[in-house]
Amino acid sequence: MRVDIVSIFPDYFAPLDLSLIGRAREQGLLRLAVHDLRTWTRDVHRTVDDTPYGGGPGMVMRPEPWGEALDALAPDELAPDGLTLPRLLVPSPAGVPFTQAMAHELATESHLLFACGRYEGIDQRVLDHASTRLRVTEVSLGDYVLFGGEVAVLVILEAVTRLLPGVLGNAGSLDDESHAHGLLEAPMYTKPASWRGHEVPEVLRSGDHGRIARWRRDEALTRTGTRRPDMLAALPPEILDKRDLAT
Ligand SMILES: COc1cccc(COC(=O)c2cn[nH]c2)c1
């Protein structure tokens with residue numbers, strides 16, 4: 001997977017050389033390039049923003065540098081399969097919610113482009129024009145406002161990269177994690193069995209895998225019901241099937 005990130009703070013992405021993403025890059029699973037938007041400015045002050053039409057506070061990112069950046073990074077190319085266009089993701093408070101399902105979808109893309117907005121946002125015409133040759137998605141991590149898209153790109157990249165085959169050592173850990181089956185994960189324990197007067201639930205040390213699986217499912221349902229009733233409501237009925245919860 002090829003990933004291009006455009007930002008006025010390219011140094012924000014230094015952490016991507018570390019940890020799993022760093023390894024994914026070494027393994028050749030990910031080709032990541034970070035670009036400074038100011039590369040595509042023409043004036044001596046390398047201006048990237050200006051005042052908003054229609055008035056209002058703050059500044060808006062000018063269209064010209066973005067247009068030239070996207071021209072350079074996504075020329076009228078077709079993905080190797082000749083079918084799909086590169087995907088442009090723009091983190092924004094006004095975006096569609098980013099979910100694990102979207103992470104899985106993005107993990108199948110061959111070329112991801114990220115545009116990091118700053119100030120009050122990017123001139124809308126940048127996204128409108130980009131839509132003629134890219135699949136553009138404004139994506140939100142949550143209902144809050146950041147200074148810019150950089151932190152959101154780090155989050156999205158981590159969620160997507162860990163799904164790439166070969167990145168996670170123990171692929172099994174993808175199976176039952178929270179949001180994998182529409183439920184939150186059950187509580188986890190490790191040694192010692194007793195710690196500061198707190199015991200590991202006996203069932204987890206019973207060796208009875210059927211009972212353990214039922215206990216974990218029950219805990220996951222309880223947790224999801226109390227912490228995320230919205231997720232519980234979205235569950236397909238068979239998951240709530242009481243039959244296999246009978247202890
Ligand atoms: C595209 O224009 C802007 C403007 C301002 C901030 C940002 C960064 O994104 C967020 O703040 C965000 C992402 N998910 N939830 C909040 C982008």
# chains A, B, ... in the order shown; residues from 1 in each chain; ligands from 1
$ residues_near_ligand --ligand "ligand 1" --cutoff "9 Å" --atoms "only C-alpha atoms and all ligand atoms" --output "ChimeraX atom specification"
/A:60-61,90-98,115-123,138-153
$ residues_around --residues "Glu105 of chain A" --least-positions-apart "6" --cutoff "10 Å" --atoms "only C-alpha atoms" --output "compact mmCIF listing (two decimals) with N, CA, C and O atoms, in the first residue's frame"
# COMPACT_ATOMS: atom_id res chain seq x y z
N THR A 99 -14.85 4.34 11.26
CA THR A 99 -15.19 3.13 12.04
C THR A 99 -14.21 2.01 11.68
O THR A 99 -13.45 2.10 10.71
N VAL A 160 -5.61 1.36 10.19
CA VAL A 160 -5.57 0.68 8.89
C VAL A 160 -4.35 -0.22 8.78
O VAL A 160 -4.46 -1.40 8.41
N LEU A 163 -4.20 -3.71 10.14
CA LEU A 163 -5.03 -4.71 9.47
C LEU A 163 -4.34 -5.30 8.24
O LEU A 163 -4.83 -6.26 7.64
$ atom_distance --atom1 "atom CA of Thr190 of chain A" --atom2 "atom CA of Pro229 of chain A"
28.2 Å
$ select_by_dssp --residues "segment 1-246 of chain A" --states "strand (DSSP E)" --output "JSON, numbers by chain"
{"A": [2, 3, 4, 5, 6, 7, 31, 32, 33, 34, 35, 36, 49, 50, 60, 61, 87, 88, 89, 90, 91, 92, 93, 94, 95, 96, 97, 111, 112, 113, 114, 115, 135, 136, 137, 138, 139, 140, 194, 195, 198, 199]}
$ select_by_dssp --residues "segment 21-227 of chain A" --states "helix (DSSP H, G or I)" --output "ChimeraX atom specification"
/A:21-26,37-40,63-73,100-106,124-130,150-161,171-174,202-205,209-227
$ closest_residue --among "A:Asp230, A:Glu158, A:Asp4, A:Glu202" --to "Ala72 of chain A" --atoms "only C-alpha atoms"
A:Asp4
$ residues_around --residues "Pro201 of chain A" --least-positions-apart "4" --cutoff "9 Å" --atoms "only C-alpha atoms" --output "count of residues only"
3
$ residues_around --residues "Ala186 of chain A" --least-positions-apart "5" --cutoff "8 Å" --atoms "only C-alpha atoms" --output "PyMOL selection string"
chain A and resi 216-217+219-220+223
$ write_last_selection --atoms "N, CA, C and O atoms" --output "PDB file, in the first residue's frame"
ATOM      1  N   ARG A 216     -16.901 -15.048  28.340  1.00  0.00           N
ATOM      2  CA  ARG A 216     -16.378 -13.870  27.632  1.00  0.00           C
ATOM      3  C   ARG A 216     -17.480 -13.194  26.821  1.00  0.00           C
ATOM      4  O   ARG A 216     -17.598 -11.974  26.787  1.00  0.00           O
ATOM      5  N   ARG A 217     -18.317 -14.036  26.178  1.00  0.00           N
ATOM      6  CA  ARG A 217     -19.411 -13.463  25.384  1.00  0.00           C
ATOM      7  C   ARG A 217     -20.361 -12.702  26.293  1.00  0.00           C
ATOM      8  O   ARG A 217     -20.788 -11.586  26.009  1.00  0.00           O
ATOM      9  N   GLU A 219     -19.710 -11.362  29.228  1.00  0.00           N
ATOM     10  CA  GLU A 219     -19.063 -10.131  29.706  1.00  0.00           C
ATOM     11  C   GLU A 219     -19.088  -9.067  28.606  1.00  0.00           C
ATOM     12  O   GLU A 219     -19.327  -7.887  28.857  1.00  0.00           O
ATOM     13  N   ALA A 220     -18.816  -9.479  27.375  1.00  0.00           N
ATOM     14  CA  ALA A 220     -18.810  -8.553  26.245  1.00  0.00           C
ATOM     15  C   ALA A 220     -20.199  -7.949  26.066  1.00  0.00           C
ATOM     16  O   ALA A 220     -20.338  -6.735  25.872  1.00  0.00           O
ATOM     17  N   ARG A 223     -20.862  -5.478  28.989  1.00  0.00           N
ATOM     18  CA  ARG A 223     -20.074  -4.252  28.803  1.00  0.00           C
ATOM     19  C   ARG A 223     -20.665  -3.390  27.695  1.00  0.00           C
ATOM     20  O   ARG A 223     -20.810  -2.178  27.820  1.00  0.00           O
TER      21      ARG A 223
END
$ closest_residue --among "A:Ser19, A:Ser110, A:Thr51, A:Thr224" --to "His181 of chain A" --atoms "only C-alpha atoms"
A:Thr224
$ residues_around --residues "Leu127 of chain A" --least-positions-apart "3" --cutoff "10 Å" --atoms "only C-alpha atoms" --output "list in words"
Pro63, Trp66, Gly67, Leu88, Leu89, Val90, Ala115, Ile122, Asp123, Gln124, Ala130, Ser131, Thr132, Leu134, Arg135, Val136, Thr137 and Glu138 of chain A
$ write_last_selection --atoms "N, CA and C atoms" --output "PDB file, in the first residue's frame"
ATOM      1  N   PRO A  63      -6.930  27.224  -2.272  1.00  0.00           N
ATOM      2  CA  PRO A  63      -7.045  26.054  -3.162  1.00  0.00           C
ATOM      3  C   PRO A  63      -5.796  25.775  -4.006  1.00  0.00           C
ATOM      4  N   TRP A  66      -3.106  23.217  -2.775  1.00  0.00           N
ATOM      5  CA  TRP A  66      -3.698  21.863  -2.692  1.00  0.00           C
ATOM      6  C   TRP A  66      -3.905  21.265  -4.073  1.00  0.00           C
ATOM      7  N   GLY A  67      -4.387  22.070  -4.969  1.00  0.00           N
ATOM      8  CA  GLY A  67      -4.620  21.575  -6.333  1.00  0.00           C
ATOM      9  C   GLY A  67      -3.333  21.062  -6.954  1.00  0.00           C
ATOM     10  N   LEU A  88      -8.748   9.698  -1.445  1.00  0.00           N
ATOM     11  CA  LEU A  88      -8.292  10.881  -0.692  1.00  0.00           C
ATOM     12  C   LEU A  88      -9.107  11.009   0.587  1.00  0.00           C
ATOM     13  N   LEU A  89      -8.425  10.996   1.716  1.00  0.00           N
ATOM     14  CA  LEU A  89      -9.106  11.112   3.015  1.00  0.00           C
ATOM     15  C   LEU A  89      -8.762  12.459   3.634  1.00  0.00           C
ATOM     16  N   VAL A  90      -9.809  13.170   4.040  1.00  0.00           N
ATOM     17  CA  VAL A  90      -9.622  14.475   4.656  1.00  0.00           C
ATOM     18  C   VAL A  90     -10.244  14.460   6.049  1.00  0.00           C
ATOM     19  N   ALA A 115      -5.121  14.442   3.258  1.00  0.00           N
ATOM     20  CA  ALA A 115      -4.973  15.902   3.246  1.00  0.00           C
ATOM     21  C   ALA A 115      -5.228  16.402   4.662  1.00  0.00           C
ATOM     22  N   ILE A 122     -10.267  23.612   4.547  1.00  0.00           N
ATOM     23  CA  ILE A 122      -9.717  23.710   3.189  1.00  0.00           C
ATOM     24  C   ILE A 122     -10.823  24.238   2.270  1.00  0.00           C
ATOM     25  N   ASP A 123     -10.478  25.139   1.356  1.00  0.00           N
ATOM     26  CA  ASP A 123     -11.437  25.659   0.367  1.00  0.00           C
ATOM     27  C   ASP A 123     -12.181  24.481  -0.267  1.00  0.00           C
ATOM     28  N   GLN A 124     -13.502  24.531  -0.238  1.00  0.00           N
ATOM     29  CA  GLN A 124     -14.338  23.395  -0.661  1.00  0.00           C
ATOM     30  C   GLN A 124     -14.029  22.970  -2.097  1.00  0.00           C
ATOM     31  N   ALA A 130     -11.088  17.579  -6.687  1.00  0.00           N
ATOM     32  CA  ALA A 130     -10.413  16.280  -6.483  1.00  0.00           C
ATOM     33  C   ALA A 130     -11.367  15.131  -6.795  1.00  0.00           C
ATOM     34  N   SER A 131     -12.663  15.377  -6.566  1.00  0.00           N
ATOM     35  CA  SER A 131     -13.645  14.301  -6.779  1.00  0.00           C
ATOM     36  C   SER A 131     -13.732  13.873  -8.234  1.00  0.00           C
ATOM     37  N   THR A 132     -13.136  14.705  -9.135  1.00  0.00           N
ATOM     38  CA  THR A 132     -13.207  14.302 -10.551  1.00  0.00           C
ATOM     39  C   THR A 132     -12.186  13.206 -10.848  1.00  0.00           C
ATOM     40  N   LEU A 134     -10.421  11.422  -7.927  1.00  0.00           N
ATOM     41  CA  LEU A 134     -10.098  10.660  -6.712  1.00  0.00           C
ATOM     42  C   LEU A 134     -11.410  10.327  -6.014  1.00  0.00           C
ATOM     43  N   ARG A 135     -11.380   9.292  -5.188  1.00  0.00           N
ATOM     44  CA  ARG A 135     -12.555   9.038  -4.343  1.00  0.00           C
ATOM     45  C   ARG A 135     -12.293   9.770  -3.027  1.00  0.00           C
ATOM     46  N   VAL A 136     -13.028  10.856  -2.824  1.00  0.00           N
ATOM     47  CA  VAL A 136     -12.764  11.757  -1.704  1.00  0.00           C
ATOM     48  C   VAL A 136     -13.708  11.442  -0.546  1.00  0.00           C
ATOM     49  N   THR A 137     -13.166  11.300   0.646  1.00  0.00           N
ATOM     50  CA  THR A 137     -13.998  11.111   1.844  1.00  0.00           C
ATOM     51  C   THR A 137     -13.534  12.034   2.962  1.00  0.00           C
ATOM     52  N   GLU A 138     -14.427  12.917   3.410  1.00  0.00           N
ATOM     53  CA  GLU A 138     -14.160  13.668   4.641  1.00  0.00           C
ATOM     54  C   GLU A 138     -14.542  12.736   5.785  1.00  0.00           C
TER      55      GLU A 138
END
$ closest_residue --among "A:His209, A:Arg2, A:Arg46, A:His35" --to "Ala107 of chain A" --atoms "only C-alpha atoms"
A:Arg2
$ closest_residue --among "A:Ile212, A:Ala159, A:Met231, A:Leu184" --to "Leu20 of chain A" --atoms "only C-alpha atoms"
A:Ala159
$ residues_around --residues "Leu30 of chain A" --least-positions-apart "3" --cutoff "6 Å" --atoms "only C-alpha atoms" --output "ChimeraX atom specification"
/A:1-2,24-25
$ closest_residue --among "A:Pro165, A:Asp43, A:Gln100, A:Asp128" --to "Gln27 of chain A" --atoms "only C-alpha atoms"
A:Pro165
$ closest_residue --among "A:Phe9, A:Trp195, A:Phe114, A:Trp40" --to "Ile156 of chain A" --atoms "only C-alpha atoms"
A:Phe114
